[in-house]
>>> print(open('upload.cif').read())   # mmCIF, C-alpha atoms and all ligand atoms
data_structure
#
loop_
_atom_site.group_PDB
_atom_site.id
_atom_site.type_symbol
_atom_site.label_atom_id
_atom_site.label_comp_id
_atom_site.auth_asym_id
_atom_site.auth_seq_id
_atom_site.Cartn_x
_atom_site.Cartn_y
_atom_site.Cartn_z
ATOM 1 C CA MET A 1 23.466 105.005 -14.409
ATOM 2 C CA GLY A 2 23.981 103.834 -10.835
ATOM 3 C CA VAL A 3 26.689 105.123 -8.508
ATOM 4 C CA LEU A 4 27.965 101.559 -8.103
ATOM 5 C CA ASP A 5 27.887 100.546 -11.775
ATOM 6 C CA GLY A 6 30.668 98.051 -12.482
ATOM 7 C CA LYS A 7 31.312 97.409 -8.779
ATOM 8 C CA VAL A 8 31.004 94.169 -6.839
ATOM 9 C CA ALA A 9 29.677 93.935 -3.290
ATOM 10 C CA LEU A 10 29.876 90.995 -0.903
ATOM 11 C CA VAL A 11 27.235 90.891 1.850
ATOM 12 C CA THR A 12 27.237 88.340 4.679
ATOM 13 C CA GLY A 13 24.013 87.351 6.413
ATOM 14 C CA ALA A 14 22.353 88.400 3.165
ATOM 15 C CA ALA A 15 19.383 86.014 3.128
ATOM 16 C CA LEU A 16 17.180 87.772 5.677
ATOM 17 C CA GLY A 17 16.476 91.111 7.331
ATOM 18 C CA GLN A 18 18.956 93.918 6.928
ATOM 19 C CA GLY A 19 21.451 91.933 4.843
ATOM 20 C CA ARG A 20 18.788 91.183 2.231
ATOM 21 C CA SER A 21 17.913 94.888 2.116
ATOM 22 C CA HIS A 22 21.597 95.896 1.782
ATOM 23 C CA ALA A 23 22.099 93.415 -1.062
ATOM 24 C CA ARG A 24 19.063 94.746 -2.926
ATOM 25 C CA GLU A 25 20.009 98.422 -2.433
ATOM 26 C CA LEU A 26 23.617 97.823 -3.521
ATOM 27 C CA ALA A 27 22.267 96.132 -6.661
ATOM 28 C CA ARG A 28 19.814 98.961 -7.305
ATOM 29 C CA ALA A 29 22.813 101.300 -7.279
ATOM 30 C CA GLY A 30 24.474 99.128 -9.947
ATOM 31 C CA ALA A 31 26.630 96.590 -8.071
ATOM 32 C CA ASP A 32 26.715 92.868 -8.728
ATOM 33 C CA VAL A 33 26.256 91.175 -5.373
ATOM 34 C CA VAL A 34 27.661 88.075 -3.682
ATOM 35 C CA LEU A 35 25.151 86.968 -1.059
ATOM 36 C CA VAL A 36 26.583 84.800 1.722
ATOM 37 C CA ASP A 37 24.488 83.080 4.368
ATOM 38 C CA VAL A 38 24.913 80.019 6.559
ATOM 39 C CA CYS A 39 21.464 78.486 5.883
ATOM 40 C CA ALA A 40 21.794 76.053 8.792
ATOM 41 C CA GLU A 41 20.291 76.164 12.256
ATOM 42 C CA ASP A 42 22.333 77.626 15.084
ATOM 43 C CA PRO A 43 21.434 76.610 18.659
ATOM 44 C CA ALA A 44 22.980 79.831 20.009
ATOM 45 C CA ALA A 45 20.414 82.000 18.194
ATOM 46 C CA ILE A 46 17.040 82.854 19.756
ATOM 47 C CA HIS A 47 15.785 83.920 16.323
ATOM 48 C CA PRO A 48 15.328 82.117 12.989
ATOM 49 C CA ILE A 49 18.436 81.540 10.889
ATOM 50 C CA ALA A 50 17.993 81.730 7.124
ATOM 51 C CA THR A 51 17.092 78.736 4.977
ATOM 52 C CA SER A 52 18.316 77.996 1.460
ATOM 53 C CA ASN A 53 14.953 79.305 0.199
ATOM 54 C CA ASP A 54 15.513 82.615 1.990
ATOM 55 C CA LEU A 55 18.893 82.959 0.313
ATOM 56 C CA ALA A 56 17.375 82.148 -3.105
ATOM 57 C CA GLU A 57 14.687 84.822 -2.536
ATOM 58 C CA ALA A 58 17.293 87.412 -1.571
ATOM 59 C CA ALA A 59 19.283 86.547 -4.703
ATOM 60 C CA ASP A 60 16.109 86.891 -6.795
ATOM 61 C CA ALA A 61 15.606 90.400 -5.364
ATOM 62 C CA VAL A 62 19.107 91.301 -6.575
ATOM 63 C CA SER A 63 18.517 89.729 -10.012
ATOM 64 C CA ALA A 64 15.231 91.636 -10.323
ATOM 65 C CA THR A 65 17.239 94.877 -10.414
ATOM 66 C CA GLY A 66 19.075 93.627 -13.509
ATOM 67 C CA ARG A 67 22.365 93.029 -11.666
ATOM 68 C CA THR A 68 24.034 89.637 -11.186
ATOM 69 C CA ALA A 69 23.543 87.771 -7.912
ATOM 70 C CA LEU A 70 25.948 85.095 -6.703
ATOM 71 C CA PRO A 71 24.382 83.345 -3.683
ATOM 72 C CA ILE A 72 26.745 81.134 -1.673
ATOM 73 C CA GLU A 73 25.954 79.084 1.421
ATOM 74 C CA ALA A 74 28.840 79.532 3.832
ATOM 75 C CA ASP A 75 29.410 79.997 7.546
ATOM 76 C CA VAL A 76 31.298 83.243 8.200
ATOM 77 C CA THR A 77 33.205 81.546 11.016
ATOM 78 C CA ASP A 78 34.669 78.943 8.644
ATOM 79 C CA GLU A 79 37.946 80.326 7.280
ATOM 80 C CA ALA A 80 38.193 77.821 4.417
ATOM 81 C CA ALA A 81 34.585 78.441 3.411
ATOM 82 C CA MET A 82 35.150 82.211 3.345
ATOM 83 C CA GLU A 83 38.317 81.755 1.275
ATOM 84 C CA HIS A 84 36.233 79.703 -1.153
ATOM 85 C CA VAL A 85 33.632 82.534 -1.270
ATOM 86 C CA VAL A 86 36.363 85.022 -2.173
ATOM 87 C CA ASP A 87 37.867 82.656 -4.783
ATOM 88 C CA ARG A 88 34.468 82.206 -6.452
ATOM 89 C CA THR A 89 33.878 85.953 -6.401
ATOM 90 C CA TYR A 90 37.192 86.698 -8.143
ATOM 91 C CA GLU A 91 36.602 83.849 -10.617
ATOM 92 C CA GLN A 92 33.212 85.269 -11.616
ATOM 93 C CA PHE A 93 33.671 89.029 -11.234
ATOM 94 C CA GLY A 94 37.425 89.661 -10.886
ATOM 95 C CA ARG A 95 37.007 92.210 -8.083
ATOM 96 C CA ILE A 96 35.485 93.090 -4.713
ATOM 97 C CA ASP A 97 34.761 96.768 -4.068
ATOM 98 C CA VAL A 98 32.450 96.634 -1.071
ATOM 99 C CA ILE A 99 32.136 94.217 1.840
ATOM 100 C CA VAL A 100 29.244 94.385 4.292
ATOM 101 C CA ALA A 101 30.115 92.226 7.331
ATOM 102 C CA ASN A 102 26.546 91.870 8.566
ATOM 103 C CA ALA A 103 26.039 88.247 9.695
ATOM 104 C CA ALA A 104 25.294 87.830 13.395
ATOM 105 C CA VAL A 105 23.425 85.760 15.939
ATOM 106 C CA PHE A 106 21.665 87.166 18.974
ATOM 107 C CA SER A 107 20.830 85.678 22.355
ATOM 108 C CA VAL A 108 19.489 87.064 25.628
ATOM 109 C CA ALA A 109 20.252 86.090 29.243
ATOM 110 C CA ARG A 110 21.963 87.553 32.270
ATOM 111 C CA THR A 111 25.674 87.466 31.561
ATOM 112 C CA TRP A 112 26.408 84.870 34.246
ATOM 113 C CA GLU A 113 23.605 82.612 32.999
ATOM 114 C CA TYR A 114 25.010 82.011 29.496
ATOM 115 C CA SER A 115 26.311 78.544 28.713
ATOM 116 C CA ARG A 116 29.914 78.456 27.566
ATOM 117 C CA ALA A 117 28.721 77.158 24.182
ATOM 118 C CA THR A 118 26.372 80.103 23.579
ATOM 119 C CA TRP A 119 28.919 82.649 24.855
ATOM 120 C CA ASP A 120 31.556 81.278 22.479
ATOM 121 C CA ARG A 121 29.276 80.967 19.461
ATOM 122 C CA VAL A 122 27.794 84.487 19.681
ATOM 123 C CA ILE A 123 31.286 85.962 19.861
ATOM 124 C CA GLU A 124 32.474 83.640 17.102
ATOM 125 C CA VAL A 125 29.758 84.658 14.627
ATOM 126 C CA CYS A 126 29.539 88.370 15.502
ATOM 127 C CA LEU A 127 33.259 89.111 15.851
ATOM 128 C CA THR A 128 35.422 86.286 14.506
ATOM 129 C CA GLY A 129 33.058 85.945 11.535
ATOM 130 C CA ALA A 130 33.801 89.539 10.500
ATOM 131 C CA TRP A 131 37.520 88.788 10.841
ATOM 132 C CA CYS A 132 37.260 85.588 8.740
ATOM 133 C CA THR A 133 35.316 87.503 6.079
ATOM 134 C CA THR A 134 37.786 90.386 5.820
ATOM 135 C CA ARG A 135 40.837 88.157 6.291
ATOM 136 C CA ALA A 136 39.865 86.132 3.217
ATOM 137 C CA ALA A 137 39.188 89.171 1.017
ATOM 138 C CA ILE A 138 41.784 91.786 1.988
ATOM 139 C CA PRO A 139 44.894 90.207 0.379
ATOM 140 C CA ARG A 140 43.021 89.901 -2.934
ATOM 141 C CA MET A 141 41.708 93.468 -2.661
ATOM 142 C CA ILE A 142 45.213 94.809 -1.991
ATOM 143 C CA GLU A 143 46.590 92.772 -4.892
ATOM 144 C CA ALA A 144 43.875 94.151 -7.205
ATOM 145 C CA GLY A 145 44.992 97.670 -6.272
ATOM 146 C CA LEU A 146 41.465 99.124 -6.374
ATOM 147 C CA PRO A 147 39.871 101.390 -3.771
ATOM 148 C CA GLY A 148 37.515 99.549 -1.439
ATOM 149 C CA SER A 149 34.980 100.005 1.318
ATOM 150 C CA ILE A 150 34.499 97.578 4.192
ATOM 151 C CA ILE A 151 31.400 98.157 6.295
ATOM 152 C CA MET A 152 31.023 96.452 9.657
ATOM 153 C CA ILE A 153 27.530 96.203 11.090
ATOM 154 C CA GLY A 154 27.704 96.968 14.790
ATOM 155 C CA SER A 155 24.856 97.859 17.116
ATOM 156 C CA THR A 156 23.919 100.244 19.870
ATOM 157 C CA ALA A 157 25.337 97.362 21.925
ATOM 158 C CA ALA A 158 28.756 98.299 20.478
ATOM 159 C CA THR A 159 28.832 101.458 22.577
ATOM 160 C CA LYS A 160 26.534 100.969 25.576
ATOM 161 C CA GLY A 161 26.247 98.309 28.259
ATOM 162 C CA ILE A 162 22.815 96.823 27.595
ATOM 163 C CA PRO A 163 21.613 94.222 30.107
ATOM 164 C CA ASN A 164 21.104 90.643 28.884
ATOM 165 C CA MET A 165 23.373 91.040 25.857
ATOM 166 C CA GLY A 166 26.728 89.985 27.383
ATOM 167 C CA PRO A 167 28.426 88.059 24.533
ATOM 168 C CA TYR A 168 26.687 90.065 21.797
ATOM 169 C CA ALA A 169 27.736 93.397 23.340
ATOM 170 C CA ALA A 170 31.258 92.101 23.989
ATOM 171 C CA ALA A 171 31.509 90.982 20.356
ATOM 172 C CA LYS A 172 30.111 94.243 18.979
ATOM 173 C CA HIS A 173 32.499 96.276 21.177
ATOM 174 C CA GLY A 174 35.248 94.045 19.785
ATOM 175 C CA LEU A 175 34.084 94.873 16.281
ATOM 176 C CA VAL A 176 34.734 98.561 17.036
ATOM 177 C CA GLY A 177 38.362 97.639 17.724
ATOM 178 C CA LEU A 178 38.596 95.497 14.597
ATOM 179 C CA THR A 179 37.134 98.338 12.513
ATOM 180 C CA LYS A 180 39.678 100.831 13.831
ATOM 181 C CA VAL A 181 42.686 98.522 13.440
ATOM 182 C CA LEU A 182 41.725 97.572 9.882
ATOM 183 C CA ALA A 183 41.133 101.251 9.055
ATOM 184 C CA ALA A 184 44.654 102.013 10.303
ATOM 185 C CA GLU A 185 46.157 99.132 8.312
ATOM 186 C CA LEU A 186 44.267 99.681 5.052
ATOM 187 C CA GLY A 187 44.340 103.458 4.628
ATOM 188 C CA GLU A 188 47.522 103.270 2.561
ATOM 189 C CA TYR A 189 45.716 100.962 0.119
ATOM 190 C CA ASP A 190 42.713 103.298 -0.211
ATOM 191 C CA ILE A 191 40.491 100.722 1.437
ATOM 192 C CA ARG A 192 38.175 102.403 3.907
ATOM 193 C CA VAL A 193 36.745 100.603 6.938
ATOM 194 C CA ASN A 194 33.714 102.003 8.742
ATOM 195 C CA MET A 195 30.922 100.828 10.994
ATOM 196 C CA VAL A 196 27.159 101.298 11.049
ATOM 197 C CA CYS A 197 25.499 100.894 14.456
ATOM 198 C CA PRO A 198 21.756 100.275 14.268
ATOM 199 C CA THR A 199 19.260 100.442 17.100
ATOM 200 C CA SER A 200 16.330 97.995 17.278
ATOM 201 C CA THR A 201 15.391 97.112 13.728
ATOM 202 C CA ASN A 202 12.312 95.351 12.427
ATOM 203 C CA THR A 203 13.713 91.907 11.660
ATOM 204 C CA THR A 204 13.205 88.526 13.320
ATOM 205 C CA MET A 205 16.454 89.045 15.251
ATOM 206 C CA LEU A 206 14.419 91.591 17.268
ATOM 207 C CA ARG A 207 10.819 90.483 16.726
ATOM 208 C CA ASN A 208 10.926 87.154 18.564
ATOM 209 C CA ASP A 209 9.421 85.905 21.821
ATOM 210 C CA PRO A 210 12.513 85.922 24.103
ATOM 211 C CA THR A 211 13.502 89.454 23.028
ATOM 212 C CA ARG A 212 9.946 90.760 23.425
ATOM 213 C CA ARG A 213 9.867 89.367 26.985
ATOM 214 C CA ILE A 214 13.134 91.160 27.802
ATOM 215 C CA PHE A 215 11.593 94.465 26.700
ATOM 216 C CA THR A 216 8.218 93.900 28.406
ATOM 217 C CA GLY A 217 9.460 92.342 31.627
ATOM 218 C CA GLY A 218 7.988 88.961 30.665
ATOM 219 C CA ALA A 219 4.695 89.841 28.957
ATOM 220 C CA ASP A 220 3.776 88.427 25.532
ATOM 221 C CA ASP A 221 2.274 91.732 24.463
ATOM 222 C CA ASP A 222 3.330 93.361 21.201
ATOM 223 C CA GLU A 223 1.902 96.757 22.113
ATOM 224 C CA LEU A 224 3.899 96.796 25.334
ATOM 225 C CA PHE A 225 6.969 95.702 23.344
ATOM 226 C CA ALA A 226 6.550 98.658 20.979
ATOM 227 C CA GLU A 227 6.016 101.072 23.905
ATOM 228 C CA ALA A 228 9.088 99.817 25.756
ATOM 229 C CA ALA A 229 11.194 99.966 22.573
ATOM 230 C CA THR A 230 9.989 103.505 21.861
ATOM 231 C CA ALA A 231 10.991 104.538 25.383
ATOM 232 C CA THR A 232 14.635 103.695 24.556
ATOM 233 C CA HIS A 233 14.659 106.314 21.755
ATOM 234 C CA LEU A 234 14.532 110.097 21.417
ATOM 235 C CA LEU A 235 12.519 109.754 18.215
ATOM 236 C CA GLN A 236 9.071 108.367 18.940
ATOM 237 C CA ILE A 237 9.453 105.113 17.044
ATOM 238 C CA PRO A 238 9.915 101.575 18.407
ATOM 239 C CA TRP A 239 12.269 100.295 15.749
ATOM 240 C CA LEU A 240 13.767 101.176 12.398
ATOM 241 C CA GLU A 241 13.184 99.348 9.130
ATOM 242 C CA PRO A 242 16.037 97.481 7.364
ATOM 243 C CA GLU A 243 15.986 100.150 4.618
ATOM 244 C CA ASP A 244 16.943 102.796 7.213
ATOM 245 C CA ILE A 245 20.144 100.882 7.889
ATOM 246 C CA SER A 246 20.715 100.300 4.168
ATOM 247 C CA ASN A 247 20.760 104.092 3.675
ATOM 248 C CA ALA A 248 23.783 104.298 5.988
ATOM 249 C CA VAL A 249 25.419 101.294 4.324
ATOM 250 C CA MET A 250 24.962 102.983 0.942
ATOM 251 C CA PHE A 251 26.680 106.110 2.284
ATOM 252 C CA PHE A 252 29.778 104.101 3.244
ATOM 253 C CA ALA A 253 29.625 101.991 0.064
ATOM 254 C CA THR A 254 29.839 105.005 -2.222
ATOM 255 C CA GLU A 255 32.133 107.955 -2.921
ATOM 256 C CA ALA A 256 29.825 110.120 -0.771
ATOM 257 C CA SER A 257 31.855 108.860 2.210
ATOM 258 C CA ARG A 258 35.295 109.063 0.569
ATOM 259 C CA GLY A 259 36.591 111.146 3.489
ATOM 260 C CA CYS A 260 35.577 108.569 6.130
ATOM 261 C CA THR A 261 37.571 105.711 7.552
ATOM 262 C CA GLY A 262 37.444 104.328 11.083
ATOM 263 C CA SER A 263 34.071 106.089 11.524
ATOM 264 C CA MET A 264 31.061 104.849 13.426
ATOM 265 C CA LEU A 265 27.646 105.996 12.282
ATOM 266 C CA ASN A 266 24.849 105.507 14.803
ATOM 267 C CA VAL A 267 21.503 104.911 13.115
ATOM 268 C CA ASP A 268 19.770 104.737 16.430
ATOM 269 C CA ALA A 269 16.821 107.152 16.766
ATOM 270 C CA GLY A 270 18.836 108.833 19.516
ATOM 271 C CA TYR A 271 19.315 105.679 21.622
ATOM 272 C CA THR A 272 22.949 106.162 22.524
ATOM 273 C CA ILE A 273 22.654 109.778 23.707
ATOM 274 C CA LYS A 274 19.420 109.295 25.644
HETATM 275 N N1 LIG A 301 17.568 93.627 14.404
HETATM 276 C C1 LIG A 301 18.057 94.445 15.319
HETATM 277 O O1 LIG A 301 17.331 94.962 16.191
HETATM 278 C C2 LIG A 301 19.527 94.816 15.294
HETATM 279 C C3 LIG A 301 19.943 95.899 16.099
HETATM 280 C C4 LIG A 301 21.273 96.278 16.068
HETATM 281 C C5 LIG A 301 22.174 95.606 15.245
HETATM 282 N N2 LIG A 301 21.741 94.559 14.491
HETATM 283 C C6 LIG A 301 22.736 93.921 13.635
HETATM 284 O O2 LIG A 301 22.299 94.014 12.283
HETATM 285 C C7 LIG A 301 22.848 92.918 11.524
HETATM 286 C C8 LIG A 301 21.752 92.237 10.737
HETATM 287 O O3 LIG A 301 20.821 91.651 11.629
HETATM 288 P P1 LIG A 301 19.288 91.479 11.244
HETATM 289 O O4 LIG A 301 18.505 92.342 12.146
HETATM 290 O O5 LIG A 301 19.111 91.602 9.783
HETATM 291 O O6 LIG A 301 19.041 89.967 11.699
HETATM 292 P P2 LIG A 301 18.598 88.677 10.852
HETATM 293 O O7 LIG A 301 18.534 87.574 11.832
HETATM 294 O O8 LIG A 301 17.401 89.002 10.041
HETATM 295 O O9 LIG A 301 19.835 88.474 9.847
HETATM 296 C C9 LIG A 301 21.053 87.890 10.234
HETATM 297 C C10 LIG A 301 21.504 87.005 9.094
HETATM 298 O O10 LIG A 301 22.780 86.434 9.420
HETATM 299 C C11 LIG A 301 22.764 85.067 9.025
HETATM 300 N N3 LIG A 301 23.773 84.326 9.773
HETATM 301 C C12 LIG A 301 23.745 83.954 11.075
HETATM 302 N N4 LIG A 301 24.837 83.242 11.386
HETATM 303 C C13 LIG A 301 25.601 83.184 10.272
HETATM 304 C C14 LIG A 301 26.849 82.582 9.968
HETATM 305 N N5 LIG A 301 27.540 81.900 10.892
HETATM 306 N N6 LIG A 301 27.345 82.715 8.717
HETATM 307 C C15 LIG A 301 26.640 83.383 7.751
HETATM 308 N N7 LIG A 301 25.451 83.963 7.990
HETATM 309 C C16 LIG A 301 24.931 83.857 9.228
HETATM 310 C C17 LIG A 301 21.336 84.626 9.319
HETATM 311 O O11 LIG A 301 20.990 83.430 8.650
HETATM 312 C C18 LIG A 301 20.544 85.839 8.839
HETATM 313 O O12 LIG A 301 20.241 85.752 7.461
HETATM 314 C C19 LIG A 301 23.555 92.039 12.537
HETATM 315 O O13 LIG A 301 24.930 92.337 12.538
HETATM 316 C C20 LIG A 301 22.934 92.445 13.858
HETATM 317 O O14 LIG A 301 23.795 92.190 14.936
HETATM 318 C C21 LIG A 301 20.449 94.141 14.500
#
>>> encode(input="upload.cif", output="structure tokens")
Amino acid sequence: MGVLDGKVALVTGAALGQGRSHARELARAGADVVLVDVCAEDPAAIHPIATSNDLAEAADAVSATGRTALPIEADVTDEAAMEHVVDRTYEQFGRIDVIVANAAVFSVARTWEYSRATWDRVIEVCLTGAWCTTRAAIPRMIEAGLPGSIIMIGSTAATKGIPNMGPYAAAKHGLVGLTKVLAAELGEYDIRVNMVCPTSTNTTMLRNDPTRRIFTGGADDDELFAEAATATHLLQIPWLEPEDISNAVMFFATEASRGCTGSMLNVDAGYTIK
């Protein structure tokens, strides 16, 4: 018996990294999972974006737990596409209990050096994408009359000014506001809205050449990268693993967090208080 038996979770950015881990852990706890990913290159991202194969692999990891996976290629910034995702979910499963708004793109540069196109796209995916995702699902969730849990994936960049992350930090700060407003609007429907804020996490969004150079001051040296990343933390670790973030997502996805809405949980090895 899993704590999420009979529930349905929708995870965006589910093909790679943390999203793939969240999808698998939600399924292990008993949920059927809708896995959404864009599966198309994005020039604003300095890291790989998922392919269709990545999404199929993530869906296989869900199926391997014995739960049903519904993989859908969709861009979280496309309102019509996200409405279609929600329609297909209700057609197949008849409910959504948990949403993990996880999709994002990351870029690094001094704030004044960003092109307008990159500035706009990072904010569009990281902030507007979470709005398009929840906007499509909330009316159906309210209509269904079931309790729900919406989990926004923020970042340490949602609370601190971190150099070189202008649009990403602005978007993640914006996500704090969106989380709080939705929490205020949805409490009466027993739909909780909370946020998980990870520090550096071992995915290709972090482990790429431009990001390493930001940490090392320009050197292509993985050891230096790990040392510099460790120096940002109180705990003596350079980065967390996706499963560490999934543990926090599972807390908000389940009844264990029934008293929480509008909360932010830092999973940050002490980054934000250092
Ligand atoms: N990796 C880190 O160090 C770190 C730190 C703090 C917060 N985060 C946050 O954690 C979350 C997960 O990131 P990750 O580390 O797993 O990175 P990742 O790059 O492995 O995963 C991001 C996923 O989002 C997908 N995606 C990108 N644009 C999309 C779009 N328009 N529509 C649908 N899907 C799209 C990508 O294809 C990818 O599968 C993000 O919200 C990120 O901002 C990451």
>>> residues_near_ligand(input="upload.cif", ligand="ligand LIG 301 (chain A)", cutoff="7 Å", atoms="only C-alpha atoms and all ligand atoms", output="ChimeraX atom specification")
/A:12-19,36-39,47-50,74-77,102-106,125-126,129,153-156,197-206
>>> axis_aligned_box(input="upload.cif", around="stretch 253-256 of chain A", padding_each_side="8 Å", output="lines of an AutoDock Vina configuration file")
center_x = 30.9
center_y = 106.1
center_z = -1.4
size_x = 18.5
size_y = 24.1
size_z = 19.0
>>> closest_residue(input="upload.cif", among="A:Asn194, A:Thr65, A:Ser246, A:Asn266", to="A:Leu175", atoms="all atoms listed in the file")
A:Asn194
>>> resolve_selection(input="upload.cif", expression="the PyMOL selection byres (((chain A and resi 134) around 12) and not hetatm)", output="VMD selection string")
chain A and resid 10 to 12 76 to 77 79 82 to 83 85 to 86 96 98 to 102 127 to 133 135 to 142 148 to 152 175 178 to 179 182 to 183 186 191 193
>>> atom_distance(input="upload.cif", atom1="atom CA of A:Ser257", atom2="atom CA of A:Thr272")
22.3 Å
>>> atom_distance(input="upload.cif", atom1="atom CA of A:Tyr271", atom2="atom CA of A:Glu241")
15.3 Å
>>> closest_residue(input="upload.cif", among="A:Asp97, A:Glu188, A:Asp120, A:Asp209", to="A:Asp222", atoms="only C-alpha atoms")
A:Asp209
>>> residues_around(input="upload.cif", residues="stretch 69-71 of chain A", least_positions_apart="3", cutoff="10 Å", atoms="only C-alpha atoms", output="count of residues only")
35
>>> atom_distance(input="upload.cif", atom1="atom CA of A:Phe225", atom2="atom CA of A:Arg110")
19.3 Å
>>> closest_residue(input="upload.cif", among="A:Gly30, A:Thr111, A:Tyr189, A:Ala117", to="A:Ala170", atoms="only C-alpha atoms")
A:Thr111
>>> residues_around(input="upload.cif", residues="A:Trp112", least_positions_apart="5", cutoff="10 Å", atoms="all atoms listed in the file", output="number ranges by chain")
A: 119, 164, 166
>>> closest_residue(input="upload.cif", among="A:Asp268, A:Asp5, A:Glu41, A:Glu185", to="A:Leu26", atoms="all atoms listed in the file")
A:Asp5
>>> resolve_selection(input="upload.cif", expression="the PyMOL selection byres (((chain A and resi 118) around 9) and not hetatm)", output="list in words")
Pro43, Ala44, Ala45, Ser107, Tyr114, Ser115, Arg116, Ala117, Trp119, Asp120, Arg121, Val122, Ile123 and Pro167 of chain A
>>> closest_residue(input="upload.cif", among="A:Glu91, A:Arg192, A:Asp54, A:Lys172", to="A:Leu146", atoms="all atoms listed in the file")
A:Arg192
